[in-house]
Each structure stands twice: as C-alpha cells, then as structure tokens.
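Undergrad: Next up, model_37.tsv (TSV, C-alpha atoms and all ligand atoms).
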```
chain	number	residue	atom	x	y	z
A	1	MET	CA	9.78	1.74	-20.12
A	2	LYS	CA	11.30	-0.34	-22.93
A	3	SER	CA	10.12	-3.89	-23.45
A	4	THR	CA	12.58	-6.65	-22.54
A	5	LEU	CA	10.17	-9.57	-22.90
A	6	LYS	CA	11.09	-12.07	-25.59
A	7	THR	CA	7.48	-12.75	-26.59
A	8	ALA	CA	4.63	-10.26	-26.54
A	9	ILE	CA	2.02	-10.72	-23.82
A	10	ALA	CA	-1.07	-12.41	-25.31
A	11	ILE	CA	-4.21	-10.29	-24.96
A	12	HIS	CA	-7.72	-11.75	-25.05
A	13	LYS	CA	-10.03	-8.77	-25.23
A	14	ALA	CA	-13.35	-8.43	-23.46
A	15	SER	CA	-16.28	-8.34	-25.90
A	16	THR	CA	-17.82	-5.28	-24.24
A	17	SER	CA	-16.55	-2.53	-21.92
A	18	LYS	CA	-18.06	-1.41	-18.59
A	19	ILE	CA	-16.39	1.99	-18.76
A	20	ASP	CA	-19.51	3.96	-19.72
A	21	LYS	CA	-21.21	2.90	-16.47
A	22	VAL	CA	-18.47	4.43	-14.30
A	23	ASP	CA	-18.85	7.82	-12.60
A	24	PHE	CA	-15.23	8.98	-12.63
A	25	ASP	CA	-16.06	12.07	-10.54
A	26	ASN	CA	-17.25	9.97	-7.61
A	27	LEU	CA	-14.86	7.06	-7.33
A	28	ALA	CA	-14.67	5.15	-4.07
A	29	PHE	CA	-11.45	3.34	-3.18
A	30	GLY	CA	-10.90	-0.08	-4.74
A	31	SER	CA	-14.45	-0.98	-5.70
A	32	THR	CA	-14.59	-0.40	-9.46
A	33	PHE	CA	-12.58	-2.74	-11.67
A	34	THR	CA	-11.45	-2.35	-15.27
A	35	ASP	CA	-12.32	-4.66	-18.16
A	36	HIS	CA	-9.16	-6.79	-18.07
A	37	MET	CA	-6.68	-8.40	-15.69
A	38	LEU	CA	-3.27	-9.99	-16.05
A	39	VAL	CA	-2.89	-13.65	-15.08
A	40	CYS	CA	0.22	-15.77	-14.82
A	41	ASP	CA	0.46	-19.38	-13.63
A	42	TYR	CA	3.30	-21.14	-11.84
A	43	LYS	CA	3.40	-24.87	-12.53
A	44	ASN	CA	6.10	-27.54	-12.55
A	45	GLY	CA	8.63	-25.19	-10.99
A	46	ALA	CA	8.34	-22.35	-13.54
A	47	TRP	CA	6.23	-19.31	-14.38
A	48	GLU	CA	4.28	-19.60	-17.64
A	49	SER	CA	3.85	-16.57	-19.94
A	50	PRO	CA	1.57	-13.88	-18.53
A	51	THR	CA	-1.67	-13.25	-20.42
A	52	ILE	CA	-4.27	-10.52	-20.29
A	53	VAL	CA	-7.85	-11.72	-20.12
A	54	PRO	CA	-11.28	-10.20	-19.44
A	55	TYR	CA	-11.75	-9.34	-15.74
A	56	GLY	CA	-13.82	-12.03	-14.08
A	57	PRO	CA	-14.13	-14.85	-11.53
A	58	LEU	CA	-11.46	-17.52	-11.10
A	59	SER	CA	-12.09	-21.23	-10.85
A	60	LEU	CA	-10.21	-23.05	-8.07
A	61	ASP	CA	-10.25	-26.48	-6.52
A	62	PRO	CA	-11.73	-26.40	-2.98
A	63	SER	CA	-8.50	-27.94	-1.71
A	64	ALA	CA	-6.37	-25.07	-3.13
A	65	LYS	CA	-3.97	-24.16	-0.34
A	66	ILE	CA	-4.88	-20.49	-0.35
A	67	PHE	CA	-8.20	-21.47	1.29
A	68	HIS	CA	-6.60	-23.50	4.07
A	69	TYR	CA	-3.15	-22.21	4.81
A	70	GLY	CA	-3.34	-18.62	3.58
A	71	GLN	CA	-0.34	-18.48	1.26
A	72	SER	CA	-1.19	-15.13	-0.29
A	73	ILE	CA	0.73	-11.92	-0.86
A	74	PHE	CA	-0.05	-8.64	-2.57
A	75	GLU	CA	1.23	-5.21	-3.49
A	76	GLY	CA	-0.39	-1.79	-3.74
A	77	MET	CA	0.69	0.71	-6.39
A	78	LYS	CA	-0.82	3.55	-8.40
A	79	ALA	CA	-0.70	4.86	-11.98
A	80	TYR	CA	-1.14	8.60	-12.47
A	81	LYS	CA	-2.27	10.51	-15.57
A	82	ASP	CA	-1.08	14.07	-16.17
A	83	ASN	CA	-2.80	16.86	-18.14
A	84	ASN	CA	-1.23	15.63	-21.40
A	85	ASN	CA	-2.64	12.14	-20.86
A	86	ASP	CA	0.83	10.78	-20.15
A	87	ILE	CA	0.88	7.95	-17.60
A	88	PHE	CA	3.36	7.47	-14.77
A	89	LEU	CA	4.23	4.89	-12.15
A	90	PHE	CA	5.96	5.66	-8.86
A	91	ARG	CA	9.01	3.56	-7.88
A	92	PRO	CA	7.50	0.38	-9.43
A	93	SER	CA	10.70	-1.67	-9.03
A	94	ASP	CA	10.46	-1.13	-5.26
A	95	ASN	CA	7.05	-2.83	-5.26
A	96	HIS	CA	8.43	-5.70	-7.28
A	97	LYS	CA	11.32	-6.14	-4.83
A	98	ARG	CA	8.94	-6.10	-1.87
A	99	LEU	CA	6.63	-8.64	-3.55
A	100	ASN	CA	9.55	-11.04	-3.74
A	101	ILE	CA	10.54	-10.34	-0.11
A	102	SER	CA	6.98	-11.29	0.87
A	103	ALA	CA	7.09	-14.33	-1.45
A	104	SER	CA	10.26	-15.62	0.13
A	105	ARG	CA	8.86	-15.28	3.68
A	106	MET	CA	5.70	-17.15	2.72
A	107	SER	CA	7.54	-19.95	0.90
A	108	MET	CA	6.18	-18.84	-2.45
A	109	PRO	CA	8.12	-18.56	-5.75
A	110	GLU	CA	9.63	-15.20	-6.66
A	111	PHE	CA	8.01	-13.45	-9.61
A	112	PRO	CA	10.31	-12.26	-12.45
A	113	GLU	CA	10.79	-8.49	-12.65
A	114	GLU	CA	10.29	-8.28	-16.42
A	115	TYR	CA	6.96	-10.13	-16.18
A	116	PHE	CA	5.88	-7.78	-13.40
A	117	LEU	CA	6.86	-4.52	-15.12
A	118	GLU	CA	6.07	-5.52	-18.71
A	119	GLY	CA	2.82	-7.17	-17.71
A	120	LEU	CA	1.75	-4.10	-15.79
A	121	LYS	CA	2.72	-1.82	-18.64
A	122	ALA	CA	0.74	-3.87	-21.19
A	123	LEU	CA	-2.32	-3.96	-18.91
A	124	LEU	CA	-2.20	-0.21	-18.22
A	125	LYS	CA	-1.80	0.58	-21.94
A	126	LEU	CA	-4.89	-1.50	-22.67
A	127	GLU	CA	-6.86	0.18	-19.88
A	128	GLU	CA	-5.47	3.69	-20.49
A	129	LYS	CA	-8.93	5.29	-20.76
A	130	TRP	CA	-9.79	4.01	-17.28
A	131	ILE	CA	-7.01	5.97	-15.54
A	132	PRO	CA	-8.76	8.84	-13.77
A	133	GLN	CA	-7.59	12.42	-14.16
A	134	THR	CA	-9.75	13.99	-11.46
A	135	ASP	CA	-7.83	15.53	-8.57
A	136	GLY	CA	-7.14	13.04	-5.78
A	137	SER	CA	-7.92	10.02	-7.96
A	138	ALA	CA	-5.55	7.53	-9.56
A	139	MET	CA	-5.52	4.01	-10.88
A	140	TYR	CA	-4.95	1.75	-7.90
A	141	ILE	CA	-2.97	-1.31	-8.97
A	142	ARG	CA	-3.25	-4.57	-7.08
A	143	PRO	CA	-0.66	-7.21	-8.03
A	144	PHE	CA	-1.17	-10.39	-5.98
A	145	MET	CA	-0.12	-14.03	-5.78
A	146	PHE	CA	-1.72	-17.00	-4.06
A	147	ALA	CA	-1.40	-20.77	-3.72
A	148	SER	CA	-3.62	-22.47	-6.27
A	149	GLY	CA	-1.93	-25.85	-5.77
A	150	GLU	CA	-4.13	-28.51	-4.24
A	151	GLY	CA	-4.15	-30.73	-1.17
A	152	PHE	CA	-4.70	-30.65	2.58
A	153	HIS	CA	-1.09	-31.36	3.46
A	154	ALA	CA	0.14	-28.37	5.49
A	155	SER	CA	3.12	-27.54	3.29
A	156	PRO	CA	3.83	-25.04	0.51
A	157	ALA	CA	1.73	-25.49	-2.64
A	158	ASP	CA	3.21	-26.67	-5.93
A	159	ALA	CA	1.18	-24.22	-8.04
A	160	TYR	CA	0.53	-20.48	-7.76
A	161	LYS	CA	-1.33	-17.76	-9.58
A	162	PHE	CA	-0.10	-14.19	-10.00
A	163	LEU	CA	-2.61	-11.55	-11.10
A	164	ILE	CA	-2.77	-7.81	-11.56
A	165	CYS	CA	-6.16	-6.09	-11.24
A	166	LEU	CA	-6.79	-2.40	-11.72
A	167	ALA	CA	-9.22	-0.23	-9.76
A	168	PRO	CA	-9.71	3.44	-10.65
A	169	SER	CA	-9.94	4.92	-7.16
A	170	GLY	CA	-10.60	8.02	-5.12
A	171	ALA	CA	-9.36	8.77	-1.59
A	172	TYR	CA	-8.88	5.91	0.89
A	173	PHE	CA	-10.25	7.85	3.87
A	174	SER	CA	-13.26	10.10	3.83
A	175	GLY	CA	-13.43	12.76	6.51
A	176	LYS	CA	-11.17	13.24	9.51
A	177	VAL	CA	-8.95	10.37	10.59
A	178	LYS	CA	-9.35	9.39	14.23
A	179	VAL	CA	-7.09	6.58	15.42
A	180	ARG	CA	-6.90	4.47	18.56
A	181	ILE	CA	-3.59	3.33	20.02
A	182	GLU	CA	-3.93	-0.40	20.62
A	183	GLU	CA	-2.41	-2.14	23.62
A	184	THR	CA	-4.33	-5.40	23.88
A	185	TYR	CA	-4.10	-6.95	20.43
A	186	SER	CA	-0.93	-7.19	18.32
A	187	ARG	CA	-0.53	-6.98	14.57
A	188	SER	CA	2.78	-8.78	14.40
A	189	ALA	CA	5.57	-10.26	16.44
A	190	ASN	CA	9.34	-10.67	16.38
A	191	GLY	CA	10.26	-13.36	13.89
A	192	GLY	CA	6.76	-13.25	12.42
A	193	VAL	CA	5.41	-12.02	9.09
A	194	GLY	CA	4.65	-8.35	9.87
A	195	PHE	CA	7.09	-7.10	7.24
A	196	ALA	CA	5.47	-9.21	4.53
A	197	LYS	CA	2.44	-7.98	2.63
A	198	THR	CA	0.47	-11.14	3.26
A	199	GLY	CA	-3.29	-11.44	3.58
A	200	GLY	CA	-3.30	-12.79	7.14
A	201	ASN	CA	-1.69	-9.61	8.48
A	202	TYR	CA	-4.80	-7.75	7.38
A	203	ALA	CA	-7.36	-10.39	8.41
A	204	GLY	CA	-5.88	-10.36	11.92
A	205	GLN	CA	-6.46	-6.62	12.16
A	206	PHE	CA	-10.13	-6.66	11.26
A	207	HIS	CA	-11.49	-7.68	14.67
A	208	PRO	CA	-9.52	-5.14	16.78
A	209	THR	CA	-10.23	-2.48	14.13
A	210	GLN	CA	-13.96	-3.26	14.28
A	211	LEU	CA	-13.83	-2.83	18.06
A	212	ALA	CA	-12.11	0.54	17.58
A	213	LYS	CA	-14.70	1.51	14.95
A	214	GLN	CA	-17.50	0.80	17.42
A	215	LYS	CA	-15.88	3.46	19.60
A	216	GLY	CA	-15.79	5.98	16.73
A	217	TYR	CA	-12.22	5.47	15.49
A	218	SER	CA	-11.34	4.77	11.85
A	219	GLN	CA	-8.02	2.93	12.33
A	220	VAL	CA	-5.87	1.28	14.93
A	221	ILE	CA	-2.29	2.32	15.63
A	222	TRP	CA	-0.31	-0.78	16.50
A	223	THR	CA	2.24	-0.89	19.26
A	224	ASP	CA	4.96	-3.53	19.69
A	225	ASP	CA	3.68	-6.93	20.79
A	226	ASN	CA	6.13	-7.21	23.67
A	227	THR	CA	5.61	-4.04	25.74
A	228	HIS	CA	2.81	-2.22	23.83
A	229	GLU	CA	4.84	0.91	24.60
A	230	ASN	CA	6.34	1.66	21.19
A	231	ILE	CA	4.29	3.04	18.33
A	232	GLU	CA	4.72	0.92	15.21
A	233	GLU	CA	2.35	1.48	12.27
A	234	ALA	CA	-1.30	1.64	11.33
A	235	GLY	CA	-3.46	-0.88	9.48
A	236	ALA	CA	-2.57	0.31	6.00
A	237	MET	CA	0.07	2.97	6.50
A	238	ASN	CA	3.29	3.89	8.30
A	239	ILE	CA	3.05	6.56	10.97
A	240	PHE	CA	4.92	9.86	11.32
A	241	ILE	CA	4.83	12.00	14.45
A	242	ARG	CA	5.98	15.62	14.58
A	243	ILE	CA	7.21	16.71	17.97
A	244	GLY	CA	8.31	20.32	17.94
A	245	ASP	CA	9.84	20.58	14.48
A	246	THR	CA	11.26	17.06	14.37
A	247	LEU	CA	9.59	14.35	12.35
A	248	VAL	CA	9.83	10.93	14.00
A	249	THR	CA	8.96	7.49	12.64
A	250	ALA	CA	9.56	3.98	13.93
A	251	PRO	CA	12.46	1.96	12.49
A	252	THR	CA	11.41	-0.84	10.15
A	253	SER	CA	11.81	-4.33	11.56
A	254	ASP	CA	10.40	-7.78	10.95
A	255	ARG	CA	7.16	-6.47	12.51
A	256	ILE	CA	6.64	-3.46	10.22
A	257	LEU	CA	5.98	-3.05	6.50
A	258	ASP	CA	8.82	-1.15	4.86
A	259	GLY	CA	6.61	1.43	3.14
A	260	ILE	CA	7.66	3.05	-0.12
A	261	THR	CA	5.76	6.22	0.80
A	262	ARG	CA	7.55	6.23	4.19
A	263	ARG	CA	10.90	6.01	2.43
A	264	SER	CA	9.91	8.82	0.05
A	265	VAL	CA	8.65	11.05	2.89
A	266	LEU	CA	11.95	10.66	4.74
A	267	LYS	CA	13.92	11.60	1.62
A	268	ILE	CA	11.75	14.63	0.79
A	269	ALA	CA	11.83	15.82	4.42
A	270	GLU	CA	15.61	15.56	4.41
A	271	THR	CA	15.91	17.64	1.21
A	272	GLU	CA	13.49	20.20	2.68
A	273	GLY	CA	15.74	20.61	5.71
A	274	ILE	CA	13.29	18.99	8.13
A	275	LYS	CA	14.96	17.17	11.00
A	276	THR	CA	13.95	13.51	10.93
A	277	GLU	CA	14.54	10.77	13.47
A	278	ILE	CA	14.08	7.05	12.87
A	279	ARG	CA	13.78	5.70	16.37
A	280	ASN	CA	11.46	4.02	18.82
A	281	ILE	CA	8.79	6.44	19.94
A	282	THR	CA	6.77	5.53	22.99
A	283	VAL	CA	3.09	6.14	23.64
A	284	THR	CA	4.11	7.92	26.88
A	285	GLU	CA	6.27	10.36	24.92
A	286	VAL	CA	3.43	11.11	22.50
A	287	VAL	CA	0.82	11.54	25.25
A	288	GLU	CA	3.15	13.81	27.25
A	289	ALA	CA	3.94	15.87	24.14
A	290	ALA	CA	0.19	16.20	23.48
A	291	LYS	CA	-0.35	17.44	27.05
A	292	LYS	CA	2.58	19.90	26.81
A	293	GLY	CA	1.52	21.16	23.37
A	294	THR	CA	4.71	20.03	21.61
A	295	LEU	CA	2.88	17.33	19.64
A	296	LYS	CA	2.25	19.19	16.40
A	297	GLU	CA	1.22	16.53	13.89
A	298	MET	CA	0.62	12.87	13.31
A	299	PHE	CA	0.03	11.46	9.89
A	300	GLY	CA	-0.08	8.17	8.04
A	301	ALA	CA	1.82	7.47	4.81
A	302	GLY	CA	0.94	4.79	2.29
A	303	THR	CA	0.09	4.24	-1.37
A	304	ALA	CA	-3.66	4.05	-0.81
A	305	ALA	CA	-3.74	6.63	2.00
A	306	VAL	CA	-1.09	8.94	0.40
A	307	ILE	CA	-0.43	11.31	3.33
A	308	SER	CA	-3.38	11.21	5.74
A	309	PRO	CA	-3.30	13.69	8.62
A	310	ILE	CA	-4.59	12.32	11.90
A	311	ALA	CA	-7.05	14.67	13.59
A	312	THR	CA	-7.38	12.81	16.91
A	313	PHE	CA	-5.76	9.87	18.65
A	314	GLY	CA	-7.29	7.89	21.45
A	315	PHE	CA	-5.33	6.14	24.18
A	316	ARG	CA	-7.07	4.23	26.97
A	317	GLU	CA	-10.03	6.38	27.95
A	318	SER	CA	-8.75	9.73	26.60
A	319	ASP	CA	-8.83	11.41	23.21
A	320	TYR	CA	-6.16	13.91	22.16
A	321	ASP	CA	-6.86	16.35	19.33
A	322	LEU	CA	-4.05	17.45	17.07
A	323	PRO	CA	-3.87	21.17	16.24
A	324	GLU	CA	-4.67	22.40	12.72
A	325	LEU	CA	-1.44	24.01	11.57
A	326	GLU	CA	-0.82	26.50	8.80
A	327	ASN	CA	2.72	25.26	8.16
A	328	SER	CA	1.84	21.59	8.34
A	329	TYR	CA	4.52	19.11	7.29
A	330	ALA	CA	1.80	16.72	6.12
A	331	THR	CA	0.37	19.29	3.69
A	332	MET	CA	3.81	20.19	2.33
A	333	LEU	CA	4.95	16.56	2.02
A	334	LYS	CA	1.70	15.52	0.34
A	335	LYS	CA	2.09	18.29	-2.22
A	336	ARG	CA	5.74	17.42	-2.91
A	337	ILE	CA	5.05	13.74	-3.34
A	338	THR	CA	1.87	14.07	-5.43
A	339	ASP	CA	3.51	16.76	-7.62
A	340	ILE	CA	6.15	14.18	-8.50
A	341	GLN	CA	3.59	11.38	-8.97
A	342	TYR	CA	1.32	13.43	-11.25
A	343	ASN	CA	4.24	14.93	-13.24
A	344	ARG	CA	3.57	18.47	-12.01
A	345	THR	CA	7.22	19.09	-11.07
A	346	GLU	CA	10.77	17.93	-11.70
A	347	ASP	CA	11.60	14.56	-10.18
A	348	ASN	CA	15.11	14.96	-8.81
A	349	PHE	CA	14.99	11.53	-7.16
A	350	GLY	CA	14.36	9.41	-10.28
A	351	TRP	CA	11.18	7.90	-8.79
A	352	ARG	CA	8.72	8.61	-11.59
A	353	VAL	CA	8.56	6.09	-14.44
A	354	LYS	CA	6.79	7.09	-17.65
A	355	LEU	CA	4.80	4.36	-19.30
A	401	LIG	N1	1.93	-0.44	6.35
A	401	LIG	C1	0.98	-1.31	5.97
A	401	LIG	C2	0.53	-2.34	6.92
A	401	LIG	C3	0.43	-1.22	4.68
A	401	LIG	O1	-0.52	-2.06	4.28
A	401	LIG	C4	0.89	-0.21	3.80
A	401	LIG	C5	0.35	-0.10	2.45
A	401	LIG	O2	0.87	-0.60	1.52
A	401	LIG	C6	1.90	0.66	4.25
A	401	LIG	C7	2.39	0.52	5.53
A	401	LIG	C8	2.48	1.70	3.35
A	401	LIG	O3	3.30	1.13	2.35
A	401	LIG	P1	3.49	1.82	0.95
A	401	LIG	O4	3.88	3.22	1.21
A	401	LIG	O5	4.57	1.05	0.28
A	401	LIG	O6	2.19	1.73	0.23
A	402	LIG	C1	-1.73	0.24	-0.10
A	402	LIG	O1	-1.55	1.36	0.40
A	402	LIG	O2	-1.51	0.02	-1.28
A	402	LIG	C2	-2.21	-0.87	0.68
A	402	LIG	O3	-1.86	-1.97	0.36
A	402	LIG	C3	-3.19	-0.66	1.69
A	402	LIG	C4	-4.36	-1.58	1.49
A	402	LIG	C5	-4.44	-2.53	2.61
A	402	LIG	C6	-5.62	-0.85	1.23
```
Could you write out this structure as structure tokens?
Ligand code: PLP
Ligand code: COI

TA:
Amino acid sequence: MKSTLKTAIAIHKASTSKIDKVDFDNLAFGSTFTDHMLVCDYKNGAWESPTIVPYGPLSLDPSAKIFHYGQSIFEGMKAYKDNNNDIFLFRPSDNHKRLNISASRMSMPEFPEEYFLEGLKALLKLEEKWIPQTDGSAMYIRPFMFASGEGFHASPADAYKFLICLAPSGAYFSGKVKVRIEETYSRSANGGVGFAKTGGNYAGQFHPTQLAKQKGYSQVIWTDDNTHENIEEAGAMNIFIRIGDTLVTAPTSDRILDGITRRSVLKIAETEGIKTEIRNITVTEVVEAAKKGTLKEMFGAGTAAVISPIATFGFRESDYDLPELENSYATMLKKRITDIQYNRTEDNFGWRVKL
C-alpha cells in the first residue's frame, strides 16, 4: 500500500506499553486492546487530519447525539501476519465502501478512503508487534464513527468522531454453535437500517438473543419481519445452507448486511465447482430437508466468526442436529479463505493487500 496522504499522520506515542501483560496464546475475542488508536474529528463540514494517540477514554458532552439518537456505525476487519512477519489485510476497500453506505443511511458524513486506508496502515505499522501469529488468531480491527455533536434536537449532529481501535483476538465462538430460528422478534424491516452496520441493529438483538441463550442456544437466526418464513442472517454473520450438494444463501436486501465473507465464499464456491443459489430459503424447506436427511450443512460467515459450522438448529420446540461430514464445504471454504488471508497460498482474486 503506497501512501497518498499529503501530510504524514501525527503520532503521539504512549509512554509505556501493555504488550508484556498479554497472553497471546489465550486471546479472547475483542477484549484486549493495543497501546494506540486512530482518531479523526469532523467539524465545520470537514474532516480534520487523523492522528494516532495512546489508547484511552474519550471525553464527550452529555448532550452528544450518540447518547440520545444513536448515530453510530462501525466496521469489522482483520490484519493477518504470515510466517515471515509480513502483514496483510483482506479486501479493505470493501469495508471502507460499506462504512460510507452505512454513513449515508444514518445521515452521517462519508469518511475519505485515503484517511481510512492510510490511517489504518500507520496504526498497524505502529502496533505491528501486537498482531498475533498463533493459529486461529488475528488482529481484529474496529473502525467506527459516532455523533459527538451536541444538543437534544432530534436531527443529525454537526460533529462526528471516527476512530480505529485494534484488538488482537482469538476465535469468536468457543465450542459448538447451536442456533435458534426466531419467529417472534425481528432484526430489521423493509426500508429500515438492516443493511447498515449501525449500533442499534446489534442492541435490538441482545434481548431476543438472551432469551435464546437461556434455552441453550448461542445465536439467533433471523427470519424476515413480514412472514418469518424466510431465513435471513444471524446476529454477526451471514448464513449458508447446504441442501444436497447445493449451497444456498439469502439474497442481500435492505434488511441484510452485505457481508464481505459471504461474497468471498460465493466466489470461492463458484471456482471450486460448487453449485450455489442466491434465493429465498424458507424455514419449512430447511426443516423438511433436515427430516429427509438432505440438509447437509449450515454455517455462518463473517469477519469475526470466519466460517462457523452450525452443529444444531432449533425451531419452535424441536432441535435438529446437523451431520458431521468428512467432505464438509465449511471446512474446505474456511481453509481456502484463511489460506488467502494468512498468505499461505496464491490469491487469484486480488483480495489480499500487503501492508
Ligand atoms: N451480518 C451481520 C449482522 C454482521 O454483523 C456481520 C459481521 O460483520 C456479517 C453479517 C458478516 O459480514 P462480513 O463478512 O463483512 O464481516
Ligand atoms: C464482524 O464480523 O466484524 C462483526 O462486526 C461482528 C461483530 C458484531 C462482532
């Protein structure tokens, strides 16, 4: 990645590092943070220059609109380190594009691509030692933007903050993934904000997900808000269903997040000669396939979750176990995608970006 920024990003270094306190062999997901973060302010109709500062608390006015009206968006990305200590990003421009799609839906200012990519690059270079090399771990990257502008008037703020924080992370799920197909609550609606990566989409899921957790499930699978018949996506990942040898996933819409992993899975499956279908898939079809034995696999796909096979799904009062296959698509697709991400194979798609 060559620098296109006119002025270098100012770096204010932390006086001490926390790195020696970190157990890199036992990283949880998203709970350890590096020494620095990138911050950029939007004021008077323009973004100021991004700066890198020590990681730490922010000071905000209690009337900042993020607290009242929830103008907040985020992205999820990862940086990978190979055996030669080279560092790679995966389709970073796609995350930038999606950030701005979310920004536009939430009446927030778009963030310039060069600030996003150059800022991220400078931050990762500074925190290079923090990028884990242990199998299954990576540097989880959280770019986010929120309304820092003040006032109780229910209208878009006039000031925003964009930040990037880094969290060396292990797997998102521990153990087998058991999901519950939801038909009471909805995650999103036609004309709503489901396709945007905005905080409220996640807050609204917590209560139904907690109810599912009380019943022993780890995630909810959302169905469409209108009929609750069509399978849409899960809390933090898109869903793939293998019936026979065909891999099916729901079409993206204004209710579903257009996942970058989903897009990559579809492309890899196509090049591997796997038949894929992007179409509505009903709960009835999945339950009947499970009963007939033609339901072979279900898995989630997302940056944090990578490819997460689903062991069991629950619908109404019944649980359906998925078989453990030798020739699993999930295993193959996970290997293909992570081999590209960790620079273990050729990248014929042009997705990997070396730092
Ligand atoms: N769906 C939701 C609701 C998500 O939060 C995520 C995670 O980012 C995904 C799908 C998967 O998207 P991606 O593959 O771009 O990470
Ligand atoms: C990601 O996969 O990056 C996500 O944003 C999921 C997150 C809600 C943990």

Undergrad: Could you check which of A:Trp222, A:Tyr172, A:Tyr202, A:Phe349 is closest to Val306 of chain A, using only C-alpha atoms?

TA: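 Among the listed residues, the smallest separation from Val306 of chain A belongs to A:Tyr172.
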
Undergrad: Skip Ile260 of chain A itself and residues of its chain fewer than 3 positions away, then list as a JSON list (two decimals) with C-alpha atoms, in the frame of the given file all residues within 8 Å of it, counting all atoms listed in the file.

TA:
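The result, stored in part_29.json:
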```
[["chain", "number", "residue", "atom", "x", "y", "z"],
["A", 91, "ARG", "CA", 9.01, 3.56, -7.88],
["A", 94, "ASP", "CA", 10.46, -1.13, -5.26],
["A", 95, "ASN", "CA", 7.05, -2.83, -5.26],
["A", 263, "ARG", "CA", 10.90, 6.01, 2.43],
["A", 264, "SER", "CA", 9.91, 8.82, 0.05],
["A", 302, "GLY", "CA", 0.94, 4.79, 2.29],
["A", 303, "THR", "CA", 0.09, 4.24, -1.37]]
```

Undergrad: Please check which protein, DNA or RNA residues sit within 9 Å of ligand LIG 402 (chain A), counting all atoms listed in the file, and write them as a PDB file with C-alpha atoms, in the coordinates of the input.

TA:
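The new file part-v7.pdb reads:
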```
ATOM      1  CA  PHE A  29     -11.450   3.340  -3.180  1.00  0.00           C
ATOM      2  CA  GLY A  30     -10.900  -0.080  -4.740  1.00  0.00           C
ATOM      3  CA  PHE A  74      -0.050  -8.640  -2.570  1.00  0.00           C
ATOM      4  CA  GLU A  75       1.230  -5.210  -3.490  1.00  0.00           C
ATOM      5  CA  GLY A  76      -0.390  -1.790  -3.740  1.00  0.00           C
ATOM      6  CA  MET A  77       0.690   0.710  -6.390  1.00  0.00           C
ATOM      7  CA  LYS A  78      -0.820   3.550  -8.400  1.00  0.00           C
ATOM      8  CA  TYR A 140      -4.950   1.750  -7.900  1.00  0.00           C
ATOM      9  CA  ILE A 141      -2.970  -1.310  -8.970  1.00  0.00           C
ATOM     10  CA  ARG A 142      -3.250  -4.570  -7.080  1.00  0.00           C
ATOM     11  CA  TYR A 172      -8.880   5.910   0.890  1.00  0.00           C
ATOM     12  CA  LYS A 197       2.440  -7.980   2.630  1.00  0.00           C
ATOM     13  CA  TYR A 202      -4.800  -7.750   7.380  1.00  0.00           C
ATOM     14  CA  GLY A 235      -3.460  -0.880   9.480  1.00  0.00           C
ATOM     15  CA  ALA A 236      -2.570   0.310   6.000  1.00  0.00           C
ATOM     16  CA  MET A 237       0.070   2.970   6.500  1.00  0.00           C
ATOM     17  CA  GLY A 259       6.610   1.430   3.140  1.00  0.00           C
ATOM     18  CA  THR A 261       5.760   6.220   0.800  1.00  0.00           C
ATOM     19  CA  ALA A 301       1.820   7.470   4.810  1.00  0.00           C
ATOM     20  CA  GLY A 302       0.940   4.790   2.290  1.00  0.00           C
ATOM     21  CA  THR A 303       0.090   4.240  -1.370  1.00  0.00           C
ATOM     22  CA  ALA A 304      -3.660   4.050  -0.810  1.00  0.00           C
ATOM     23  CA  ALA A 305      -3.740   6.630   2.000  1.00  0.00           C
ATOM     24  CA  VAL A 306      -1.090   8.940   0.400  1.00  0.00           C
TER      25      VAL A 306
END
```

Undergrad: For Leu322 of chain A, list every protein, DNA or RNA residue within 9 Å, evaluated using only C-alpha atoms, and leave out those in the same chain fewer than 3 positions away; present the list as a ChimeraX atom specification.

TA: /A:290,295-298,310-313,325

Undergrad: Which residues, written as a list of chain:residue names, have at least one atom at most 12 Å from Glu288 of chain A, with all atoms listed in the file counted and residues fewer than 5 positions away on the same chain left out?

TA: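 The residues satisfying every condition are A:Ile243, A:Ile281, A:Thr282, A:Val283, A:Gly293, A:Thr294, A:Leu295, A:Phe315, A:Tyr320.
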
Undergrad: Might you pull out every residue within 8 Å of Val220 of chain A, with only C-alpha atoms counted and same-chain residues fewer than 4 positions away left off, and present them as a list in words?

TA: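 Result of the neighbour search: Val179, Arg180, Ile181, Glu182, Pro208, Thr209, Ala212, Ala234 and Gly235 of chain A.
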
Undergrad: Point out the residue among A:Lys178, A:Arg105, A:His68, A:His96 with the least atom-to-atom distance to Glu118 of chain A, counting all atoms listed in the file.

TA: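 For Glu118 of chain A, the nearest of the candidates is A:His96.
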